[in-house]
Amino acid sequence: MNLLLLSNSTQYGRGYLEHALDTVTAFLPANARLAFVPYALADHDAYTARVRGALEPAGIRVRGVHENADPVAVLAASDAVFIGGGNSFRLLDALWRTGLREAVRDAARDGLPYMGASAGTNMAAPTLRTSNDMPIVQPPSFDALGLVPFQINPHYLDPDPASTHKGETREERLTEFLEENDVPVLGLREGSWLRVREGVASVQGARPARLFTRGDLPRELAAGSDVSWLLATEPRFDAPSR
């Protein structure tokens, strides 16, 4: 598979995809016909226009899958697919309803370049269980695309020792996940991404990632780290620790 999984699409003080634009344009085929999946936000037209504004100057032809009565047909006529960020529950619900969950999964497994950002990166994992989002809708299942066999937590935030907030930190929430599931979680800080190609996976971008596994302390993974071994993960969901 050929995957580019961004933690975020917008970096503070920069335009849409600007922080990763060189990586994105190198990832996409030259003059690519890009199927964009805008379902994580309510205004599909405005979202697609934002992506066009960022990518069409680089020669990428963007078409929203919602612009055709048959979204799967748009995917089939494209050279790559990009699933954008927003609410992960709304996004997955739409993928199930439109038939794109199976279509995108199968196309990506057959080699179609897949790019995700935020919620779109969540979709590449087996389930939504490590999403940061509020469940504003109820999809038929939490099962996502399963393009990688481990979980990803985009927008990973480190605990702030100076904070007076007493709610759970991201690290505490992911630890709770591991109490009930034996599946690694890769926390992608903003400005970082995961690149997967032909069985090789690496952390890339401006910041290190943080890896959570059951029974071990969290581990820092510097940009450039080879994490191909995670692709051999055998996830065990609903496996409470004893």
# chains A, B, ... in the order shown; residues from 1 in each chain; ligands from 1
>>> residues_around(residues="Asp22 of chain A", least_positions_apart="6", cutoff="12 Å", atoms="only C-alpha atoms", output="list in words")
Leu28, Ala54, Leu55, Ala58 and Gly205 of chain A
>>> residues_around(residues="segment 60-70 of chain A", least_positions_apart="6", cutoff="7 Å", atoms="only C-alpha atoms", output="list in words")
Asn31, Ala32, Arg33, Leu34, Ala35, Phe36, Val37, Pro38, Thr48 and Arg52 of chain A
>>> select_by_dssp(residues="segment 14-171 of chain A", states="strand (DSSP E or B)", output="list in words")
Tyr16, Arg33, Leu34, Ala35, Phe36, Val37, Arg61, Val62, Arg63, Gly64, Ala80, Val81, Phe82, Ile83, Tyr114, Met115, Gly116, Ala117, Thr127, Asp143, Gln151, Ile152, Asn153 and Pro154 of chain A
>>> residues_around(residues="segment 131-141 of chain A", least_positions_apart="2", cutoff="8 Å", atoms="only C-alpha atoms", output="list in words")
Asn87, Ser88, Phe89, Arg90, Leu92, Asp93, Ala94, Trp96, Ala119, Asn122, Leu128, Arg129, Asp143, Asn153 and Pro154 of chain A
>>> residues_around(residues="Glu234 of chain A", least_positions_apart="6", cutoff="10 Å", atoms="only C-alpha atoms", output="list in words")
Pro149, Phe150, Asp182, Val183 and Pro184 of chain A
>>> write_last_selection(atoms="N, CA and C atoms", output="PDB file, in the first residue's frame")
ATOM      1  N   PRO A 149      -2.623  -2.048  10.823  1.00  0.00           N
ATOM      2  CA  PRO A 149      -3.227  -2.905  11.850  1.00  0.00           C
ATOM      3  C   PRO A 149      -3.130  -2.357  13.268  1.00  0.00           C
ATOM      4  N   PHE A 150      -2.716  -1.109  13.420  1.00  0.00           N
ATOM      5  CA  PHE A 150      -2.590  -0.481  14.733  1.00  0.00           C
ATOM      6  C   PHE A 150      -3.405   0.803  14.735  1.00  0.00           C
ATOM      7  N   ASP A 182      -5.466  -4.649  23.396  1.00  0.00           N
ATOM      8  CA  ASP A 182      -4.028  -4.859  23.248  1.00  0.00           C
ATOM      9  C   ASP A 182      -3.640  -4.518  21.806  1.00  0.00           C
ATOM     10  N   VAL A 183      -3.565  -3.211  21.541  1.00  0.00           N
ATOM     11  CA  VAL A 183      -3.273  -2.696  20.205  1.00  0.00           C
ATOM     12  C   VAL A 183      -2.382  -1.461  20.349  1.00  0.00           C
ATOM     13  N   PRO A 184      -1.225  -1.412  19.691  1.00  0.00           N
ATOM     14  CA  PRO A 184      -0.404  -0.206  19.776  1.00  0.00           C
ATOM     15  C   PRO A 184      -1.143   1.023  19.258  1.00  0.00           C
TER      16      PRO A 184
END
>>> residues_around(residues="Trp193 of chain A", least_positions_apart="4", cutoff="10 Å", atoms="only C-alpha atoms", output="list in words")
Leu4, Leu5, Leu6, Ser7, Asn8, Ala20, Thr23, Gly116, Ala117, Ser118, Thr121, Pro154, Gly187, Leu188, Arg189, Ser202, Val203, Gln204, Gly205, Ala206, Arg207, Pro208, Ala209 and Ala223 of chain A
>>> residues_around(residues="Pro29 of chain A", least_positions_apart="3", cutoff="8 Å", atoms="only C-alpha atoms", output="MDAnalysis selection string")
chainID A and resid 25:26 32 79:80
>>> write_last_selection(atoms="all heavy atoms", output="compact mmCIF listing (two decimals), in the first residue's frame")
# COMPACT_ATOMS: atom_id res chain seq x y z
N THR A 25 2.60 16.94 -2.56
CA THR A 25 2.72 16.96 -4.03
C THR A 25 3.70 15.90 -4.53
O THR A 25 3.54 15.38 -5.63
CB THR A 25 3.14 18.35 -4.52
OG1 THR A 25 4.33 18.77 -3.84
CG2 THR A 25 2.03 19.37 -4.24
N ALA A 26 4.71 15.56 -3.71
CA ALA A 26 5.61 14.47 -4.10
C ALA A 26 4.91 13.11 -3.98
O ALA A 26 5.22 12.18 -4.74
CB ALA A 26 6.86 14.49 -3.22
N ALA A 32 -2.29 14.40 -11.10
CA ALA A 32 -3.22 13.40 -10.59
C ALA A 32 -4.66 13.89 -10.61
O ALA A 32 -4.95 15.07 -10.36
CB ALA A 32 -2.84 13.01 -9.17
N ASP A 79 -6.78 8.89 -9.63
CA ASP A 79 -5.42 8.36 -9.49
C ASP A 79 -4.97 8.30 -8.04
O ASP A 79 -3.92 7.72 -7.73
CB ASP A 79 -4.43 9.25 -10.26
CG ASP A 79 -4.80 9.38 -11.72
OD1 ASP A 79 -4.97 8.34 -12.38
OD2 ASP A 79 -4.94 10.53 -12.20
N ALA A 80 -5.75 8.91 -7.13
CA ALA A 80 -5.43 8.93 -5.71
C ALA A 80 -6.68 9.38 -4.96
O ALA A 80 -7.60 9.95 -5.57
CB ALA A 80 -4.26 9.85 -5.40
